[in-house]
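A.B. asks: The structure's right below; bear with me while I get my questions together.
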Amino acid sequence: MQLIQGSKMIRPSKRVQVFQDSIFGIMSKKANEHNAINLSQGFPDFDGPDFVKEYALEAIKDGKNQYSPFPGIIELRESVSQYLKSYYDLDYCKEGEVSICCGATEGIFLSILSIINPGDEVIVFEPFYDSYISSIQVAGGIPKVVTLNSPDFSFTPEDLENVYSSQVKAIILNNPHNPTGRVFTSSELKIVRDFCLKYDLMAISDEVYEFLTFDKEEHIPLASLEGMQERTLGIYSAGKTFGLTGWKIGWVCAPERLSSGLRKLHQYITFCVSTPMQYALARSLMHLKDYVPTFKEDYQSKRDLFYSGMKEIGFDFKKPEGTYFMMVPIHQITKMSDVDFAYHLIEKKRVAAIPPSAFYLKSREGEKFLRFCFAKKEETLLEALKFLKELQV
């Protein structure tokens, strides 16, 4: 029987009709069409450390190739628990409070869907990682936006108070912050803590760039603040820490009462993630003390190289304090919007960046910037800088 176009049977659900294609996919497709250097999507153009891959090969050869327990293998959950204790003095039980998921993006989705009911409001800082809004919408929640205003991309207690209502149930914080490169200070984190305690809110803390802080900046997990561990779902990423984004493994750390609901969802969405890769990461996390210093030095070198080159071209902005992104103001270079200028750079200069207006709901601040990813080989960054010189708009 032939289906008629427009039939009720072939219409997508209302919950997905509001979605747009991800800006990351759009810009990467455009970059491929023009053979442009892709500084838009946030992934390295070089491979992760050999020791992690060797551990994965060993696990494959040892027959670790079947389903794992849906919360994750106990060895990886134990390694996660140990490093969080070692680095941040956070205590998470490997049995009921550490959950392995299919990348941090699934962790974000599970965290939101497990605590948000239709009509609940969720405070989000803009610019934001776009999956926050999509996940809130799927859950039937309503985003309430606080704008991080340039050039400092900071916020005040009043900013939070101005969006509060009795329907607010949670707040999402991304620290270190994508796309601005901010590492929020202890004072700013205390603002979030005090706000959550005052109104009995839960927090979703996206900390996937925990080890990518530069100069003298140090990462402070939101859960490490007094009174916050019991109400925080902390999200982390092996792909970011080891430069293996294609492995798609992350973890959510939360009290058992929050983890239990999250795990039920995970069980019916992806069930479990790659078993041999989990075994590899369980061993690899034991080497963080040796690995992380060099990891940070390498990325700081890339940041400094690209930052210096962009300053020479004529872009004027502060060095990012963390992540591997730069929010670069474009108003001194062009009168174009971020979207038009991003397309111009791809078509005329063969360099792709992200127009960050896609990460805003309330403000038009994003139209004044482009986001560049510097998690690239030195030769890639130098070639991009060469193409960007002598901009004529």
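Each chain in the structure tokens gets a letter, A, B, ..., in the order shown, and its residues are numbered from 1; ligands are numbered from 1 in order too.
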Neighbouring residues of Ile171 of chain A were defined as those with any atom within 12 Å, considering only C-alpha atoms; residues of the same chain fewer than 5 positions away were excluded. Please report them as a PyMOL selection string.

C.D. replies: chain A and resi 111-112+115-116+120-125+132+136+141-146+160+163-164+191-193+195-197+199-206+222+231-233

A.B. asks: Write the residues of the preceding selection, restricted to N, CA and C atoms, as a short mmCIF file (atom, residue, chain, number, x, y, z; two decimals), in the first residue's frame.

C.D. replies:
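Written out: result_31.cif:
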data_model
loop_
_atom_site.label_atom_id
_atom_site.label_comp_id
_atom_site.auth_asym_id
_atom_site.auth_seq_id
_atom_site.Cartn_x
_atom_site.Cartn_y
_atom_site.Cartn_z
N SER A 111 20.78 13.51 31.89
CA SER A 111 20.67 14.31 33.11
C SER A 111 19.43 15.19 33.07
N ILE A 112 19.21 15.85 31.94
CA ILE A 112 18.05 16.73 31.81
C ILE A 112 16.75 15.93 31.82
N ILE A 115 15.47 14.59 35.29
CA ILE A 115 15.03 15.46 36.40
C ILE A 115 14.00 16.51 35.99
N ILE A 116 13.81 16.73 34.69
CA ILE A 116 12.92 17.80 34.24
C ILE A 116 11.57 17.24 33.79
N ASP A 120 8.66 22.51 33.69
CA ASP A 120 9.79 22.95 34.53
C ASP A 120 10.67 23.91 33.74
N GLU A 121 11.22 24.89 34.43
CA GLU A 121 12.14 25.84 33.81
C GLU A 121 13.57 25.51 34.19
N VAL A 122 14.47 25.70 33.22
CA VAL A 122 15.89 25.41 33.41
C VAL A 122 16.70 26.64 33.02
N ILE A 123 17.51 27.13 33.93
CA ILE A 123 18.34 28.30 33.64
C ILE A 123 19.59 27.85 32.87
N VAL A 124 19.84 28.55 31.76
CA VAL A 124 20.96 28.24 30.87
C VAL A 124 21.71 29.53 30.58
N PHE A 125 23.03 29.48 30.64
CA PHE A 125 23.85 30.63 30.27
C PHE A 125 24.08 30.61 28.76
N TYR A 132 21.95 21.52 24.98
CA TYR A 132 21.20 21.85 26.20
C TYR A 132 19.75 22.19 25.86
N ILE A 136 16.34 20.06 26.78
CA ILE A 136 15.29 20.67 27.60
C ILE A 136 13.95 20.59 26.88
N GLY A 141 10.63 20.88 29.03
CA GLY A 141 11.02 21.99 29.87
C GLY A 141 11.10 23.29 29.10
N ILE A 142 11.35 24.36 29.85
CA ILE A 142 11.41 25.70 29.27
C ILE A 142 12.75 26.34 29.65
N PRO A 143 13.59 26.69 28.66
CA PRO A 143 14.86 27.34 28.99
C PRO A 143 14.65 28.79 29.42
N LYS A 144 15.33 29.19 30.48
CA LYS A 144 15.38 30.58 30.94
C LYS A 144 16.84 31.02 30.80
N VAL A 145 17.07 32.07 30.05
CA VAL A 145 18.42 32.39 29.59
C VAL A 145 19.04 33.54 30.36
N VAL A 146 20.29 33.34 30.77
CA VAL A 146 21.14 34.40 31.32
C VAL A 146 22.27 34.64 30.33
N LEU A 160 20.93 36.17 37.71
CA LEU A 160 20.20 34.95 38.03
C LEU A 160 18.84 35.27 38.65
N VAL A 163 15.87 36.10 36.28
CA VAL A 163 15.18 35.07 35.49
C VAL A 163 14.50 34.03 36.37
N TYR A 164 14.62 34.18 37.68
CA TYR A 164 14.04 33.17 38.56
C TYR A 164 12.51 33.27 38.61
N ILE A 191 28.32 32.16 43.48
CA ILE A 191 27.05 32.78 43.12
C ILE A 191 26.04 31.70 42.71
N VAL A 192 26.51 30.76 41.88
CA VAL A 192 25.64 29.66 41.45
C VAL A 192 25.25 28.80 42.64
N ARG A 193 26.24 28.49 43.49
CA ARG A 193 25.97 27.68 44.68
C ARG A 193 24.92 28.33 45.57
N PHE A 195 22.71 30.55 44.88
CA PHE A 195 21.43 30.61 44.18
C PHE A 195 20.71 29.26 44.27
N CYS A 196 21.45 28.17 44.04
CA CYS A 196 20.86 26.83 44.11
C CYS A 196 20.37 26.51 45.52
N LEU A 197 21.16 26.86 46.52
CA LEU A 197 20.76 26.59 47.90
C LEU A 197 19.57 27.44 48.32
N TYR A 199 17.11 28.56 46.51
CA TYR A 199 15.85 28.17 45.90
C TYR A 199 15.69 26.65 45.77
N ASP A 200 16.60 25.89 46.40
CA ASP A 200 16.54 24.43 46.38
C ASP A 200 16.52 23.88 44.95
N LEU A 201 17.50 24.31 44.16
CA LEU A 201 17.60 23.90 42.76
C LEU A 201 18.63 22.80 42.57
N MET A 202 18.46 22.04 41.50
CA MET A 202 19.47 21.09 41.09
C MET A 202 20.39 21.76 40.06
N ALA A 203 21.58 21.19 39.92
CA ALA A 203 22.55 21.74 38.97
C ALA A 203 23.06 20.64 38.07
N ILE A 204 23.17 20.96 36.80
CA ILE A 204 23.84 20.09 35.82
C ILE A 204 25.12 20.80 35.44
N SER A 205 26.26 20.19 35.78
CA SER A 205 27.55 20.85 35.60
C SER A 205 28.36 20.13 34.53
N ASP A 206 28.45 20.76 33.37
CA ASP A 206 29.16 20.20 32.21
C ASP A 206 30.63 20.60 32.32
N LEU A 222 31.82 22.19 40.35
CA LEU A 222 30.72 22.80 41.10
C LEU A 222 30.35 21.94 42.31
N ARG A 231 23.26 17.85 45.11
CA ARG A 231 22.25 18.35 44.17
C ARG A 231 22.84 18.56 42.77
N THR A 232 24.04 18.01 42.50
CA THR A 232 24.71 18.26 41.22
C THR A 232 24.91 16.97 40.43
N LEU A 233 24.62 17.04 39.13
CA LEU A 233 24.99 15.98 38.19
C LEU A 233 26.19 16.51 37.41
#

A.B. asks: I'd like the neighbourhood of Asp152 of chain A as an NGL selection string, where a residue qualifies if any of its atoms comes within 10 Å (using only C-alpha atoms), though same-chain residues fewer than 2 positions away should be ignored.

C.D. replies: :A and (148-150 or 154-155 or 180 or 182 or 317-318)

A.B. asks: Mind the document's chain letters and residue numbers, and return as an NGL selection string the residues of segment 52-256 of chain A that DSSP labels alpha helix (DSSP H).

C.D. replies: :A and (52-61 or 74-88 or 103-115 or 131-138 or 157-163 or 186-199 or 238-242 or 256)

A.B. asks: Leaving out Leu57 of chain A and any residue of its chain fewer than 6 positions from it, which residues lie within 10 Å of it when counting only C-alpha atoms, given as a ChimeraX atom specification?

C.D. replies: /A:51,64,276-277,280

A.B. asks: Could you turn the residues from that selection into a file that holds C-alpha atoms, as a PDB file, in the first residue's frame?

C.D. replies:
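And here's out19.pdb as it stands now:
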ATOM      1  CA  PHE A  51      49.028   4.162  25.302  1.00  0.00           C
ATOM      2  CA  LYS A  64      36.419  -7.890  26.028  1.00  0.00           C
ATOM      3  CA  PRO A 276      36.951  -2.667  25.014  1.00  0.00           C
ATOM      4  CA  MET A 277      37.221   1.129  25.054  1.00  0.00           C
ATOM      5  CA  ALA A 280      41.215   0.952  27.915  1.00  0.00           C
TER       6      ALA A 280
END

A.B. asks: Considering only C-alpha atoms, tabulate each residue of segment 190-308 of chain A that lies at most 12 Å from segment 357-375 of chain A along with its nearest interatomic pair and the corresponding distance in Å to one decimal; arrange the rows by chain and ascending residue number and present them as CSV.

C.D. replies:
residue,atom,partner,partner_atom,distance
A:Leu212,CA,A:Ala375,CA,11.0
A:Lys240,CA,A:Ala375,CA,10.2
A:Gly243,CA,A:Ala375,CA,9.0
A:Leu244,CA,A:Ala375,CA,11.8
A:Thr245,CA,A:Ala375,CA,11.6
A:Phe295,CA,A:Ala375,CA,11.4
A:Lys296,CA,A:Ala375,CA,11.5
A:Asp298,CA,A:Ala375,CA,9.6
A:Tyr299,CA,A:Ala375,CA,7.1
A:Gln300,CA,A:Phe374,CA,9.8
A:Ser301,CA,A:Phe374,CA,10.0
A:Lys302,CA,A:Phe374,CA,6.4
A:Arg303,CA,A:Phe374,CA,6.3
A:Asp304,CA,A:Phe374,CA,9.6
A:Leu305,CA,A:Phe374,CA,9.1
A:Phe306,CA,A:Phe374,CA,6.9
A:Tyr307,CA,A:Phe374,CA,9.1

A.B. asks: Using DSSP secondary structure from the backbone, list all strand (DSSP E) positions within segment 43-281 of chain A, as a PyMOL selection string.

C.D. replies: chain A and resi 98-101+121-126+142-147+168-174+202-206+232-237+250-253

A.B. asks: Show me, as a CSV table (one decimal) with C-alpha atoms, in the first residue's frame, the residues that have an atom within 9 Å of Thr185 of chain A when counting only C-alpha atoms, minus same-chain residues fewer than 6 positions from it.

C.D. replies:
chain,number,residue,atom,x,y,z
A,217,GLU,CA,43.8,28.9,36.0
A,218,GLU,CA,42.5,25.8,37.9
A,219,HIS,CA,39.3,23.9,37.4
A,220,ILE,CA,36.9,23.9,40.4

A.B. asks: Looking at only C-alpha atoms, which of A:Leu288, A:Ala384, A:Cys102, A:Met326 is the one that sits closest to Leu84 of chain A?

C.D. replies: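 Closest to Leu84 of chain A, using only C-alpha atoms: A:Leu288.
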
A.B. asks: Quick one: distance from atom CA of Thr156 of chain A to atom CA of Phe184 of chain A in Å, one decimal?

C.D. replies: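 For atom CA of Thr156 of chain A relative to atom CA of Phe184 of chain A, the distance reads 11.9 Å.
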
A.B. asks: Please provide the set of residues having any atom within 12 Å of Ser274 of chain A, restricted to only C-alpha atoms, with same-chain residues fewer than 4 positions apart removed, written as a ChimeraX atom specification.

C.D. replies: /A:56,59-60,64-70,72-73,76,100-103,246-250,270,278-281

A.B. asks: With a distance cut-off of 8 Å and only C-alpha atoms, select the neighbouring residues of Val351 of chain A, excluding the residue or stretch itself and same-chain residues fewer than 3 positions from it, and output the selection as number ranges by chain.

C.D. replies: A: 31, 36-39, 345-346, 384, 387-388

A.B. asks: Tell me which of A:Pro221, A:Ala238, A:Pro151, A:Lys289 sits closest to Lys319 of chain A, counting only C-alpha atoms.

C.D. replies: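 The shortest atom-to-atom distance to Lys319 of chain A comes from A:Pro151.
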
A.B. asks: If we count only C-alpha atoms and set the cut-off at 10 Å, which residues sit around Met336 of chain A, ignoring sequence neighbours fewer than 5 positions away in its own chain? Please answer as a CSV table (one decimal) with C-alpha atoms, in the first residue's frame.

C.D. replies:
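The result, stored in result-v7.csv:
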chain,number,residue,atom,x,y,z
A,330,ILE,CA,34.6,40.5,14.2
A,331,HIS,CA,33.1,44.0,14.3
A,341,PHE,CA,31.1,36.4,7.6
A,342,ALA,CA,31.5,32.7,8.4
A,344,HIS,CA,32.5,34.5,3.4
A,367,GLU,CA,26.4,38.2,15.7
A,368,LYS,CA,29.6,40.1,16.7
A,393,VAL,CA,35.4,42.5,3.1

A.B. asks: Using only C-alpha atoms, can you tell me which of A:Gln82, A:Ser114, A:Lys53, A:Leu90 comes closest to Gly261 of chain A?

C.D. replies: A:Ser114

A.B. asks: Kindly indicate which residue among A:Ser260, A:Arg350, A:Lys169, A:Thr275 lies nearest to Asp62 of chain A, using only C-alpha atoms for the distances.

C.D. replies: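 Smallest distance to Asp62 of chain A is found for A:Thr275.
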
A.B. asks: For a quick check of understanding, using only C-alpha atoms, which of A:Pro355, A:Gly309, A:Pro320, A:Gly25 has the smallest distance to Pro176 of chain A?

C.D. replies: A:Pro320
